[in-house]
$ cat work24.cif   # mmCIF, C-alpha atoms
data_coords
loop_
_atom_site.label_atom_id
_atom_site.label_comp_id
_atom_site.auth_asym_id
_atom_site.auth_seq_id
_atom_site.Cartn_x
_atom_site.Cartn_y
_atom_site.Cartn_z
CA MET J 6 -16.39 -13.04 28.23
CA PRO J 7 -13.76 -12.14 25.58
CA MET J 8 -10.42 -10.85 26.82
CA GLN J 9 -10.10 -7.04 26.72
CA LEU J 10 -6.95 -6.24 24.76
CA PRO J 11 -5.09 -2.90 24.86
CA PRO J 12 -5.58 -0.60 21.87
CA ILE J 13 -3.20 -0.87 18.93
CA GLU J 14 -1.30 2.37 19.38
CA ALA J 15 2.23 3.02 18.19
CA ASP J 16 2.60 6.37 19.97
CA PHE J 17 3.85 4.62 23.11
CA TYR J 18 5.26 7.78 24.74
CA HIS J 19 2.13 9.86 23.94
CA LEU J 20 3.94 12.39 21.78
CA ASP J 21 0.58 13.51 20.42
CA HIS J 22 0.15 15.30 23.76
CA LEU J 23 2.59 17.87 22.36
CA LEU J 24 -0.09 18.87 19.83
CA THR J 25 -2.96 21.27 20.44
CA PRO J 26 -6.54 19.94 20.43
CA GLU J 27 -7.06 21.54 17.02
CA GLN J 28 -3.95 19.86 15.65
CA CYS J 29 -5.03 16.50 17.04
CA GLN J 30 -8.40 16.96 15.38
CA LEU J 31 -6.73 17.56 12.00
CA GLN J 32 -4.53 14.50 12.54
CA ARG J 33 -7.62 12.36 13.18
CA LYS J 34 -9.33 13.83 10.12
CA VAL J 35 -6.40 12.85 7.88
CA ARG J 36 -6.22 9.39 9.45
CA ALA J 37 -9.94 8.81 8.89
CA LEU J 38 -9.73 9.73 5.22
CA MET J 39 -6.66 7.58 4.67
CA GLU J 40 -8.16 4.58 6.49
CA ASN J 41 -11.70 4.75 5.17
CA GLU J 42 -11.41 6.12 1.64
CA ILE J 43 -7.88 5.64 0.38
CA LYS J 44 -6.64 2.43 2.01
CA PRO J 45 -9.26 0.23 0.24
CA LEU J 46 -7.88 1.37 -3.15
CA ILE J 47 -4.17 1.18 -2.54
CA ASN J 48 -3.18 -2.43 -3.11
CA ARG J 49 -5.01 -2.60 -6.43
CA TYR J 50 -3.24 0.49 -7.76
CA TRP J 51 0.12 -0.52 -6.28
CA LEU J 52 -0.08 -3.86 -8.08
CA LYS J 53 -0.92 -2.18 -11.40
CA GLY J 54 1.67 0.55 -10.95
CA GLU J 55 -0.94 3.23 -11.55
CA PHE J 56 -1.92 6.39 -9.70
CA PRO J 57 -5.47 6.70 -8.28
CA HIS J 58 -6.33 10.14 -9.62
CA GLU J 59 -9.75 9.97 -8.01
CA ILE J 60 -8.18 10.53 -4.60
CA ILE J 61 -6.87 14.01 -5.48
CA PRO J 62 -10.15 15.83 -4.69
CA ARG J 63 -10.33 13.91 -1.39
CA LEU J 64 -6.83 15.05 -0.45
CA ALA J 65 -7.73 18.58 -1.50
CA SER J 66 -10.71 18.53 0.86
CA LEU J 67 -8.33 18.20 3.82
CA ASN J 68 -6.77 21.62 3.08
CA ILE J 69 -3.29 20.44 4.07
CA CYS J 70 -1.24 21.14 0.93
CA GLY J 71 1.46 23.75 1.49
CA VAL J 72 0.68 23.28 5.16
CA THR J 73 3.48 25.47 6.56
CA TYR J 74 3.35 28.29 4.00
CA GLU J 75 1.84 31.69 4.68
CA GLY J 76 -0.61 33.16 2.19
CA TYR J 77 -1.73 31.86 -1.21
CA GLY J 78 -4.54 29.85 0.41
CA CYS J 79 -2.11 27.80 2.53
CA PRO J 80 -2.94 26.85 6.15
CA HIS J 81 0.31 28.24 7.69
CA LEU J 82 0.60 25.59 10.39
CA PRO J 83 3.79 24.62 12.29
CA PHE J 84 6.33 22.28 10.73
CA ILE J 85 5.49 19.71 13.38
CA MET J 86 2.04 19.41 11.81
CA GLU J 87 3.50 18.91 8.35
CA GLY J 88 5.48 16.03 9.83
CA VAL J 89 2.55 14.49 11.68
CA LEU J 90 0.33 14.65 8.61
CA THR J 91 3.05 13.14 6.42
CA MET J 92 3.36 10.33 8.95
CA GLU J 93 -0.40 9.73 8.89
CA ILE J 94 -0.44 9.49 5.10
CA ALA J 95 2.61 7.19 4.99
CA ARG J 96 1.09 5.05 7.75
CA VAL J 97 -1.38 3.87 5.09
CA ASP J 98 0.74 4.24 1.97
CA ALA J 99 4.22 5.64 1.34
CA SER J 100 3.48 6.29 -2.34
CA ILE J 101 0.69 8.73 -1.53
CA ALA J 102 2.96 10.35 1.06
CA THR J 103 5.62 10.73 -1.64
CA PHE J 104 3.11 12.26 -4.04
CA PHE J 105 2.09 14.67 -1.29
CA GLY J 106 5.71 15.47 -0.44
CA VAL J 107 6.61 16.27 -4.04
CA GLN J 108 3.52 18.43 -4.51
CA SER J 109 3.47 20.24 -1.17
CA GLY J 110 7.18 20.22 -0.38
CA LEU J 111 9.56 20.05 -3.32
CA ALA J 112 7.48 21.65 -6.08
CA MET J 113 5.50 24.22 -4.08
CA GLY J 114 8.48 24.78 -1.79
CA SER J 115 10.73 25.72 -4.72
CA ILE J 116 8.26 28.36 -5.83
CA TYR J 117 7.49 29.56 -2.30
CA LEU J 118 11.14 29.93 -1.30
CA LEU J 119 12.70 30.96 -4.61
CA GLY J 120 9.99 32.24 -6.95
CA SER J 121 8.99 35.79 -7.79
CA GLU J 122 5.76 37.17 -6.41
CA ALA J 123 4.17 36.79 -9.84
CA GLN J 124 5.20 33.11 -9.96
CA LYS J 125 3.83 32.54 -6.47
CA GLN J 126 0.52 34.15 -7.34
CA GLU J 127 0.21 32.11 -10.54
CA TRP J 128 1.04 28.69 -9.15
CA LEU J 129 0.73 28.38 -5.37
CA PRO J 130 -3.05 28.85 -4.96
CA ARG J 131 -3.76 26.31 -7.71
CA MET J 132 -1.22 23.84 -6.37
CA GLN J 133 -2.52 24.25 -2.82
CA SER J 134 -5.98 23.17 -4.02
CA PHE J 135 -4.49 20.40 -6.23
CA ASN J 136 -5.89 22.13 -9.32
CA ALA J 137 -2.31 22.14 -10.59
CA ILE J 138 0.16 19.32 -9.97
CA GLY J 139 3.88 19.91 -9.59
CA ALA J 140 7.06 17.88 -10.00
CA PHE J 141 10.70 18.48 -9.05
CA GLY J 142 13.46 17.63 -11.53
CA LEU J 143 16.91 17.43 -9.97
CA THR J 144 18.23 13.85 -10.26
CA GLU J 145 19.70 12.77 -13.59
CA PRO J 146 20.39 9.36 -15.15
CA GLU J 147 24.10 9.65 -14.32
CA VAL J 148 23.93 12.20 -11.51
CA GLY J 149 22.29 11.40 -8.18
CA SER J 150 24.34 12.07 -5.05
CA GLY J 151 26.70 14.33 -7.01
CA ALA J 152 24.02 16.82 -8.00
CA ALA J 153 25.64 19.67 -6.06
CA GLY J 154 28.61 19.82 -8.38
CA GLY J 155 27.82 17.75 -11.42
CA LEU J 156 24.50 18.53 -13.12
CA THR J 157 24.76 17.81 -16.82
CA THR J 158 21.44 19.40 -17.79
CA THR J 159 22.31 22.81 -19.21
CA ALA J 160 20.60 26.17 -19.64
CA ARG J 161 21.67 28.71 -22.24
CA ARG J 162 20.14 32.17 -22.36
CA GLN J 163 19.08 33.64 -25.69
CA GLY J 164 17.55 37.05 -25.13
CA ASP J 165 14.45 36.60 -22.98
CA THR J 166 14.44 32.82 -23.48
CA TRP J 167 16.38 30.00 -21.87
CA VAL J 168 17.16 26.84 -23.84
CA LEU J 169 17.37 23.67 -21.73
CA ASN J 170 19.05 20.42 -22.76
CA GLY J 171 19.56 17.21 -20.79
CA GLN J 172 17.72 14.48 -18.92
CA LYS J 173 16.17 14.02 -15.47
CA LYS J 174 15.35 10.65 -13.91
CA TRP J 175 13.14 9.36 -11.08
CA ILE J 176 11.01 12.48 -11.18
CA GLY J 177 7.84 11.84 -9.16
CA ASN J 178 4.53 13.10 -10.59
CA ALA J 179 6.32 13.89 -13.86
CA THR J 180 3.93 11.97 -16.12
CA PHE J 181 0.94 14.14 -15.22
CA ALA J 182 2.40 17.31 -13.69
CA ASP J 183 1.25 20.72 -14.90
CA VAL J 184 4.60 22.27 -14.01
CA THR J 185 8.00 20.73 -13.35
CA VAL J 186 10.81 22.53 -11.56
CA ILE J 187 13.90 21.78 -13.62
CA TRP J 188 17.35 22.45 -12.19
CA ALA J 189 20.02 23.13 -14.81
CA ARG J 190 23.54 24.48 -15.02
CA ASP J 191 23.82 27.89 -16.63
CA LEU J 192 26.51 27.64 -19.30
CA GLU J 193 27.49 31.28 -18.82
CA ASP J 194 28.34 31.31 -15.11
CA ASN J 195 28.31 27.53 -14.38
CA GLN J 196 25.76 28.05 -11.58
CA VAL J 197 22.64 25.94 -11.01
CA LYS J 198 19.36 27.71 -11.73
CA GLY J 199 15.72 26.67 -11.52
CA PHE J 200 13.08 26.79 -14.24
CA LEU J 201 9.32 26.27 -14.28
CA VAL J 202 8.68 24.06 -17.29
CA ARG J 203 5.03 23.84 -18.21
CA LYS J 204 3.20 20.74 -19.32
CA ASN J 205 3.45 20.05 -23.06
CA ALA J 206 6.25 22.59 -23.55
CA PRO J 207 8.00 21.98 -26.91
CA GLY J 208 11.14 19.92 -26.42
CA PHE J 209 9.92 18.53 -23.06
CA ASP J 210 9.22 14.79 -23.14
CA VAL J 211 8.40 12.40 -20.29
CA GLU J 212 8.65 8.60 -20.32
CA LYS J 213 7.17 6.66 -17.42
CA ILE J 214 9.68 4.47 -15.57
CA GLU J 215 8.27 0.94 -15.45
CA ASP J 216 8.92 -2.24 -13.47
CA LYS J 217 9.70 -0.68 -10.11
CA MET J 218 9.65 -2.86 -6.99
CA ALA J 219 8.91 0.05 -4.65
CA LEU J 220 6.59 3.07 -4.53
CA ARG J 221 4.79 1.63 -7.50
CA ILE J 222 1.94 4.11 -7.26
CA VAL J 223 4.33 7.04 -7.68
CA GLN J 224 4.54 7.93 -11.35
CA ASN J 225 8.28 8.44 -11.83
CA GLY J 226 9.39 9.82 -15.15
CA LEU J 227 12.48 10.01 -17.29
CA ILE J 228 12.43 13.57 -18.63
CA THR J 229 14.26 14.49 -21.81
CA LEU J 230 14.81 18.16 -22.69
CA ARG J 231 15.78 18.86 -26.28
CA ASP J 232 16.22 22.59 -26.94
CA CYS J 233 13.31 23.18 -24.57
CA ALA J 234 12.58 26.90 -24.62
CA VAL J 235 11.58 28.51 -21.31
CA PRO J 236 10.84 32.25 -21.02
CA GLU J 237 12.82 34.33 -18.52
CA SER J 238 9.51 34.93 -16.70
CA ASP J 239 9.47 31.19 -15.87
CA ARG J 240 12.96 31.14 -14.39
CA LEU J 241 12.83 30.97 -10.60
CA GLN J 242 13.95 34.51 -9.94
CA ASN J 243 15.65 33.82 -6.60
CA ALA J 244 17.39 30.54 -7.52
CA ASN J 245 20.91 31.55 -8.48
CA ASN J 246 23.09 28.63 -7.33
CA PHE J 247 22.92 25.18 -5.75
CA LYS J 248 22.88 26.71 -2.27
CA ASP J 249 19.41 27.98 -3.15
CA THR J 250 18.40 24.49 -4.28
CA GLY J 251 19.72 23.28 -0.93
CA LYS J 252 17.21 25.49 0.91
CA VAL J 253 14.40 23.43 -0.60
CA LEU J 254 16.11 20.12 0.14
CA ARG J 255 16.82 21.07 3.74
CA MET J 256 13.16 21.94 4.28
CA THR J 257 11.87 18.70 2.74
CA ARG J 258 14.45 16.20 4.07
CA ALA J 259 12.78 16.35 7.48
CA GLY J 260 9.58 15.25 5.74
CA VAL J 261 11.30 12.12 4.42
CA ALA J 262 12.25 11.16 7.98
CA TRP J 263 8.61 11.58 8.99
CA GLU J 264 7.57 9.47 5.99
CA ALA J 265 9.88 6.70 7.16
CA VAL J 266 8.23 6.86 10.59
CA GLY J 267 4.81 6.55 8.97
CA CYS J 268 5.88 3.55 6.90
CA ALA J 269 7.33 1.87 10.00
CA ARG J 270 4.25 2.69 12.06
CA GLY J 271 1.92 1.19 9.48
CA ALA J 272 3.99 -2.00 9.34
CA TYR J 273 4.15 -2.30 13.12
CA GLU J 274 0.44 -1.72 13.69
CA ASN J 275 -0.52 -4.18 10.95
CA ALA J 276 1.84 -6.80 12.35
CA LEU J 277 0.59 -6.34 15.91
CA ALA J 278 -3.02 -6.70 14.80
CA TYR J 279 -2.14 -9.83 12.83
CA THR J 280 -0.36 -11.51 15.74
CA ARG J 281 -3.45 -11.10 17.90
CA LYS J 282 -5.66 -12.83 15.36
CA ARG J 283 -3.35 -15.51 13.98
CA GLN J 284 -3.74 -18.77 15.91
CA GLN J 285 -1.07 -21.45 16.18
CA PHE J 286 -0.83 -24.28 18.72
CA GLY J 287 -4.18 -23.27 20.14
CA LYS J 288 -3.52 -19.63 20.94
CA PRO J 289 -2.72 -16.29 19.25
CA ILE J 290 0.91 -16.03 18.18
CA ALA J 291 1.05 -12.72 20.09
CA ALA J 292 1.24 -14.87 23.23
CA PHE J 293 4.59 -16.37 22.19
CA GLN J 294 7.79 -14.98 23.67
CA LEU J 295 9.72 -14.72 20.41
CA ILE J 296 6.89 -12.84 18.72
CA GLN J 297 6.66 -10.42 21.63
CA ASN J 298 10.41 -9.86 21.40
CA HIS J 299 10.06 -8.84 17.74
CA LEU J 300 7.18 -6.52 18.56
CA VAL J 301 9.09 -4.84 21.39
CA GLU J 302 12.16 -4.38 19.19
CA MET J 303 9.93 -2.77 16.55
CA LEU J 304 8.23 -0.50 19.06
CA SER J 305 11.55 0.52 20.61
CA ASN J 306 12.94 1.65 17.28
CA LEU J 307 9.68 3.29 16.32
CA THR J 308 9.49 5.22 19.57
CA ALA J 309 13.07 6.45 19.14
CA MET J 310 12.27 7.51 15.59
CA GLN J 311 9.12 9.36 16.61
CA THR J 312 10.95 11.17 19.40
CA MET J 313 13.69 12.20 16.98
CA VAL J 314 11.37 13.60 14.30
CA PHE J 315 9.23 15.47 16.82
CA ARG J 316 12.37 17.21 18.08
CA LEU J 317 13.51 17.75 14.48
CA SER J 318 10.30 19.61 13.66
CA GLN J 319 10.55 21.63 16.86
CA LEU J 320 13.99 22.79 15.70
CA GLN J 321 12.48 23.63 12.31
CA ASP J 322 9.69 25.64 13.92
CA ASP J 323 12.29 27.49 16.01
CA GLY J 324 14.32 28.31 12.90
CA LYS J 325 17.26 26.26 14.18
CA LEU J 326 17.18 23.32 11.76
CA THR J 327 20.51 22.59 10.06
CA ASP J 328 21.47 20.27 7.23
CA GLU J 329 23.11 17.90 9.68
CA HIS J 330 19.99 17.78 11.87
CA ALA J 331 17.86 16.74 8.91
CA SER J 332 20.49 14.33 7.61
CA LEU J 333 20.88 12.50 10.92
CA ALA J 334 17.13 11.97 11.14
CA LYS J 335 16.97 10.77 7.56
CA VAL J 336 19.82 8.30 8.14
CA PHE J 337 18.50 6.90 11.41
CA CYS J 338 14.81 6.74 10.58
CA THR J 339 15.15 5.11 7.18
CA LEU J 340 17.66 2.58 8.51
CA ARG J 341 15.43 1.64 11.42
CA THR J 342 12.39 1.49 9.14
CA ARG J 343 14.05 -1.26 7.13
CA ASP J 344 14.47 -3.27 10.34
CA ILE J 345 10.89 -2.67 11.48
CA VAL J 346 9.26 -3.67 8.20
CA SER J 347 11.49 -6.75 8.03
CA ARG J 348 10.39 -7.86 11.49
CA ALA J 349 6.77 -7.14 10.62
CA ARG J 350 7.03 -9.44 7.63
CA GLU J 351 8.76 -12.05 9.75
CA VAL J 352 6.09 -12.27 12.45
CA MET J 353 3.47 -12.70 9.73
CA GLY J 354 5.23 -15.69 8.25
CA GLY J 355 4.28 -16.61 4.71
CA ASN J 356 1.28 -14.28 4.78
CA GLY J 357 3.73 -11.41 5.10
CA ILE J 358 4.48 -11.55 1.39
CA LEU J 359 0.83 -11.16 0.38
CA LEU J 360 -0.41 -7.70 -0.57
CA GLN J 361 -3.72 -8.26 1.20
CA TYR J 362 -1.93 -8.00 4.55
CA ASP J 363 -0.28 -4.68 3.52
CA VAL J 364 3.11 -5.34 5.13
CA ALA J 365 4.66 -6.60 1.89
CA ARG J 366 4.01 -3.16 0.40
CA PHE J 367 5.68 -1.47 3.35
CA VAL J 368 8.70 -3.77 3.00
CA ALA J 369 9.14 -2.84 -0.66
CA ASP J 370 8.43 0.86 -0.25
CA ALA J 371 10.91 1.21 2.63
CA GLU J 372 13.71 0.48 0.15
CA ALA J 373 12.90 3.57 -1.91
CA ILE J 374 12.56 5.82 1.14
CA TYR J 375 15.96 4.55 2.28
CA SER J 376 17.60 5.83 -0.91
CA TYR J 377 15.89 9.02 -2.03
CA GLU J 378 16.51 12.57 -0.74
CA GLY J 379 20.12 11.60 -0.11
CA THR J 380 21.52 8.12 0.45
CA LYS J 381 22.62 6.91 3.88
CA GLU J 382 26.24 7.42 2.86
CA ILE J 383 25.81 11.02 1.68
CA ASN J 384 23.75 12.03 4.70
CA SER J 385 26.25 10.32 6.98
CA LEU J 386 29.04 12.42 5.47
CA ILE J 387 27.03 15.59 6.08
CA VAL J 388 26.71 14.68 9.75
CA GLY J 389 30.32 13.47 9.90
CA ARG J 390 31.58 16.81 8.59
CA ALA J 391 29.53 18.63 11.23
CA ILE J 392 30.83 16.61 14.18
CA THR J 393 34.50 16.25 13.15
CA GLY J 394 35.16 19.47 11.31
CA PHE J 395 36.57 17.53 8.35
CA SER J 396 34.90 16.97 5.00
CA ALA J 397 35.18 13.40 3.73
CA PHE J 398 33.41 14.12 0.45
CA VAL J 399 35.39 13.26 -2.67
#
$ encode --input "work24.cif" --output "structure tokens"
Amino acid sequence: MPMQLPPIEADFYHLDHLLTPEQCQLQRKVRALMENEIKPLINRYWLKGEFPHEIIPRLASLNICGVTYEGYGCPHLPFIMEGVLTMEIARVDASIATFFGVQSGLAMGSIYLLGSEAQKQEWLPRMQSFNAIGAFGLTEPEVGSGAAGGLTTTARRQGDTWVLNGQKKWIGNATFADVTVIWARDLEDNQVKGFLVRKNAPGFDVEKIEDKMALRIVQNGLITLRDCAVPESDRLQNANNFKDTGKVLRMTRAGVAWEAVGCARGAYENALAYTRKRQQFGKPIAAFQLIQNHLVEMLSNLTAMQTMVFRLSQLQDDGKLTDEHASLAKVFCTLRTRDIVSRAREVMGGNGILLQYDVARFVADAEAIYSYEGTKEINSLIVGRAITGFSAFV
């Protein structure tokens, strides 16, 4: 009789018990779609560096876009569910989780938090159903961490029109987005403002960034704006300075921590399954002490990460989330994810570098998650300022 093995389950402390039965049902629904319909496609598209557009209607069928927003066809669920669903998507593929985060979080979030009612009515229902795709243009070729004080993309008002000039880099979804939120410095008052730039707008050009080693499915673009004219009606009416931009980033940074947890969880579960099947010296390598040590180290970090992000989302649902809360989670979770995916690759030996075993993709993608939405250093300084009372920013 074959040995009965315990289930492969990374939620070691049963944090899913904090969810309602209805929320657990939605989590299982998302997991089933990711496992059964999207996972079989991922490695092929990751290798080609292309986006599987055929999955968009399948994601739309889940009705999870704009998950925390009220109205406009959005589900209006707690932030903890946004985190759990992000984790479930990233557990299969971090690129699809990034696509989802840009669409549901950064792009829709900019309009939801800072747009006029007319802008919300025009864009949010279509974006919620994935009938319109959004992108978020903040980072520039020479301005990443210094975006708060150094945007070089400019906006100049001429009557009822704004003229934008500059470049944006690493902009996810940019190559096929219907609308891109562009952040630019107003030459008149030197404040950062947001603009909804529509697809095919004159003076708006996008070049796909090629040869990435991570998040290869995400279609990152280099955007060039040359006297791009945007009507005043497409300026985000409640985005008047970078503090307003920060409201969007604060809301979405928690999602990046959850994405890191999903990436780590996928790597751990794949590695655990592999060690049970892989035979060496007449028995599964899962029976070896050193392999078990790696697995326990991975699970320990993963459990700490999951506990942290659950509490993070509880703070968000209570309206108590601060920049430093989100930054600490982003620092810790992305750092620990790098360790987990590295150990996952290690226990798989040479097979760990093959796409067919999935872990190689998690190893590469973890590097991008580690850097975007604020580097470890910048987020560390945000937390350091909060705990010491001194700002160490240049």
$ closest_atom_pairs --input "work24.cif" --of "range 83-194 of chain J" --to "range 316-337 of chain J" --cutoff "8 Å" --atoms "all atoms listed in the file" --output "CSV"
residue,atom,partner,partner_atom,distance
J:Pro83,CA,J:Asp322,CA,6.2
J:Phe84,CA,J:Ser318,CA,5.6
J:Ile85,CA,J:Ser318,CA,4.8
J:Gly88,CA,J:Ser318,CA,7.1
$ resolve_selection --input "work24.cif" --expression "the PyMOL selection byres ((chain J and resi 69) around 9)" --output "tab-separated table (two decimals) with C-alpha atoms, in the frame of the given file"
chain	number	residue	atom	x	y	z
J	64	LEU	CA	-6.83	15.05	-0.45
J	65	ALA	CA	-7.73	18.58	-1.50
J	66	SER	CA	-10.71	18.53	0.86
J	67	LEU	CA	-8.33	18.20	3.82
J	68	ASN	CA	-6.77	21.62	3.08
J	70	CYS	CA	-1.24	21.14	0.93
J	71	GLY	CA	1.46	23.75	1.49
J	72	VAL	CA	0.68	23.28	5.16
J	73	THR	CA	3.48	25.47	6.56
J	79	CYS	CA	-2.11	27.80	2.53
J	80	PRO	CA	-2.94	26.85	6.15
J	87	GLU	CA	3.50	18.91	8.35
J	90	LEU	CA	0.33	14.65	8.61
J	109	SER	CA	3.47	20.24	-1.17
J	133	GLN	CA	-2.52	24.25	-2.82
J	134	SER	CA	-5.98	23.17	-4.02
$ residues_around --input "work24.cif" --residues "Met310 in chain J" --least-positions-apart "2" --cutoff "9 Å" --atoms "only C-alpha atoms" --output "compact mmCIF listing (two decimals) with C-alpha atoms, keeping the file's coordinate frame"
# COMPACT_ATOMS: atom_id res chain seq x y z
CA ALA J 262 12.25 11.16 7.98
CA TRP J 263 8.61 11.58 8.99
CA ALA J 265 9.88 6.70 7.16
CA VAL J 266 8.23 6.86 10.59
CA SER J 305 11.55 0.52 20.61
CA ASN J 306 12.94 1.65 17.28
CA LEU J 307 9.68 3.29 16.32
CA THR J 308 9.49 5.22 19.57
CA THR J 312 10.95 11.17 19.40
CA MET J 313 13.69 12.20 16.98
CA VAL J 314 11.37 13.60 14.30
CA PHE J 315 9.23 15.47 16.82
CA ALA J 334 17.13 11.97 11.14
CA PHE J 337 18.50 6.90 11.41
CA CYS J 338 14.81 6.74 10.58
CA ARG J 341 15.43 1.64 11.42
CA THR J 342 12.39 1.49 9.14
$ residues_around --input "work24.cif" --residues "Leu300 in chain J" --least-positions-apart "2" --cutoff "8 Å" --atoms "all atoms listed in the file" --output "ChimeraX atom specification"
/J:273,277,296-298,302-304,348-349
$ resolve_selection --input "work24.cif" --expression "the PyMOL selection byres ((chain J and resi 191) around 9)" --output "mmCIF file with C-alpha atoms, in the coordinates of the input"
data_model
loop_
_atom_site.group_PDB
_atom_site.id
_atom_site.type_symbol
_atom_site.label_atom_id
_atom_site.label_comp_id
_atom_site.auth_asym_id
_atom_site.auth_seq_id
_atom_site.Cartn_x
_atom_site.Cartn_y
_atom_site.Cartn_z
ATOM 1 C CA THR J 158 21.440 19.400 -17.790
ATOM 2 C CA THR J 159 22.310 22.810 -19.210
ATOM 3 C CA ALA J 160 20.600 26.170 -19.640
ATOM 4 C CA ARG J 161 21.670 28.710 -22.240
ATOM 5 C CA ARG J 162 20.140 32.170 -22.360
ATOM 6 C CA ALA J 189 20.020 23.130 -14.810
ATOM 7 C CA ARG J 190 23.540 24.480 -15.020
ATOM 8 C CA LEU J 192 26.510 27.640 -19.300
ATOM 9 C CA GLU J 193 27.490 31.280 -18.820
ATOM 10 C CA ASP J 194 28.340 31.310 -15.110
ATOM 11 C CA ASN J 195 28.310 27.530 -14.380
ATOM 12 C CA GLN J 196 25.760 28.050 -11.580
ATOM 13 C CA VAL J 197 22.640 25.940 -11.010
ATOM 14 C CA LYS J 198 19.360 27.710 -11.730
#
$ atom_distance --input "work24.cif" --atom1 "CA of Phe105 in chain J" --atom2 "CA of Ile60 in chain J"
11.6 Å
$ closest_residue --input "work24.cif" --among "J:Glu237, J:Asp16, J:Glu75, J:Asp344" --to "Thr166 in chain J" --atoms "all atoms listed in the file"
J:Glu237
$ residues_around --input "work24.cif" --residues "Gly139 in chain J" --least-positions-apart "2" --cutoff "10 Å" --atoms "only C-alpha atoms" --output "compact mmCIF listing (two decimals) with C-alpha atoms, in the coordinates of the input"
# COMPACT_ATOMS: atom_id res chain seq x y z
CA PHE J 104 3.11 12.26 -4.04
CA PHE J 105 2.09 14.67 -1.29
CA VAL J 107 6.61 16.27 -4.04
CA GLN J 108 3.52 18.43 -4.51
CA SER J 109 3.47 20.24 -1.17
CA GLY J 110 7.18 20.22 -0.38
CA LEU J 111 9.56 20.05 -3.32
CA ALA J 112 7.48 21.65 -6.08
CA MET J 113 5.50 24.22 -4.08
CA TRP J 128 1.04 28.69 -9.15
CA LEU J 129 0.73 28.38 -5.37
CA MET J 132 -1.22 23.84 -6.37
CA PHE J 135 -4.49 20.40 -6.23
CA ALA J 137 -2.31 22.14 -10.59
CA PHE J 141 10.70 18.48 -9.05
CA GLY J 177 7.84 11.84 -9.16
CA ASN J 178 4.53 13.10 -10.59
CA ALA J 179 6.32 13.89 -13.86
CA PHE J 181 0.94 14.14 -15.22
CA ALA J 182 2.40 17.31 -13.69
CA ASP J 183 1.25 20.72 -14.90
CA VAL J 184 4.60 22.27 -14.01
CA THR J 185 8.00 20.73 -13.35
CA VAL J 186 10.81 22.53 -11.56
CA LEU J 201 9.32 26.27 -14.28
CA VAL J 202 8.68 24.06 -17.29
CA ARG J 203 5.03 23.84 -18.21
CA LYS J 204 3.20 20.74 -19.32
$ closest_residue --input "work24.cif" --among "J:Ile61, J:Val168, J:Leu38, J:Ala373" --to "Leu230 in chain J" --atoms "only C-alpha atoms"
J:Val168
$ closest_residue --input "work24.cif" --among "J:Gly357, J:Tyr50, J:Ala244, J:Thr280" --to "Ala292 in chain J" --atoms "only C-alpha atoms"
J:Thr280
$ decode --input "work24.cif" --residues "range 16-27 of chain J" --atoms "N, CA and C atoms" --output "PDB file, in the first residue's frame"
ATOM      1  N   ASP J  16       0.051  27.214   3.560  1.00  0.00           N
ATOM      2  CA  ASP J  16      -0.582  28.004   4.616  1.00  0.00           C
ATOM      3  C   ASP J  16      -0.500  27.212   5.920  1.00  0.00           C
ATOM      4  N   PHE J  17       0.706  27.150   6.486  1.00  0.00           N
ATOM      5  CA  PHE J  17       1.000  26.252   7.602  1.00  0.00           C
ATOM      6  C   PHE J  17       0.271  26.650   8.891  1.00  0.00           C
ATOM      7  N   TYR J  18       0.001  27.957   9.042  1.00  0.00           N
ATOM      8  CA  TYR J  18      -0.692  28.444  10.237  1.00  0.00           C
ATOM      9  C   TYR J  18      -2.188  28.663   9.992  1.00  0.00           C
ATOM     10  N   HIS J  19      -2.693  28.164   8.869  1.00  0.00           N
ATOM     11  CA  HIS J  19      -4.133  28.207   8.548  1.00  0.00           C
ATOM     12  C   HIS J  19      -4.692  29.628   8.591  1.00  0.00           C
ATOM     13  N   LEU J  20      -3.991  30.542   7.951  1.00  0.00           N
ATOM     14  CA  LEU J  20      -4.464  31.920   7.903  1.00  0.00           C
ATOM     15  C   LEU J  20      -5.739  32.060   7.087  1.00  0.00           C
ATOM     16  N   ASP J  21      -6.016  31.092   6.212  1.00  0.00           N
ATOM     17  CA  ASP J  21      -7.255  31.167   5.445  1.00  0.00           C
ATOM     18  C   ASP J  21      -8.485  31.050   6.344  1.00  0.00           C
ATOM     19  N   HIS J  22      -8.298  30.632   7.589  1.00  0.00           N
ATOM     20  CA  HIS J  22      -9.418  30.581   8.531  1.00  0.00           C
ATOM     21  C   HIS J  22      -9.895  31.984   8.913  1.00  0.00           C
ATOM     22  N   LEU J  23      -9.089  32.995   8.593  1.00  0.00           N
ATOM     23  CA  LEU J  23      -9.495  34.376   8.834  1.00  0.00           C
ATOM     24  C   LEU J  23     -10.486  34.866   7.784  1.00  0.00           C
ATOM     25  N   LEU J  24     -10.652  34.105   6.711  1.00  0.00           N
ATOM     26  CA  LEU J  24     -11.555  34.490   5.630  1.00  0.00           C
ATOM     27  C   LEU J  24     -12.940  33.890   5.864  1.00  0.00           C
ATOM     28  N   THR J  25     -13.944  34.529   5.291  1.00  0.00           N
ATOM     29  CA  THR J  25     -15.299  33.993   5.354  1.00  0.00           C
ATOM     30  C   THR J  25     -15.427  32.840   4.365  1.00  0.00           C
ATOM     31  N   PRO J  26     -16.443  31.992   4.509  1.00  0.00           N
ATOM     32  CA  PRO J  26     -16.646  30.916   3.533  1.00  0.00           C
ATOM     33  C   PRO J  26     -16.780  31.433   2.101  1.00  0.00           C
ATOM     34  N   GLU J  27     -17.441  32.566   1.937  1.00  0.00           N
ATOM     35  CA  GLU J  27     -17.598  33.137   0.597  1.00  0.00           C
ATOM     36  C   GLU J  27     -16.255  33.593   0.035  1.00  0.00           C
TER      37      GLU J  27
END
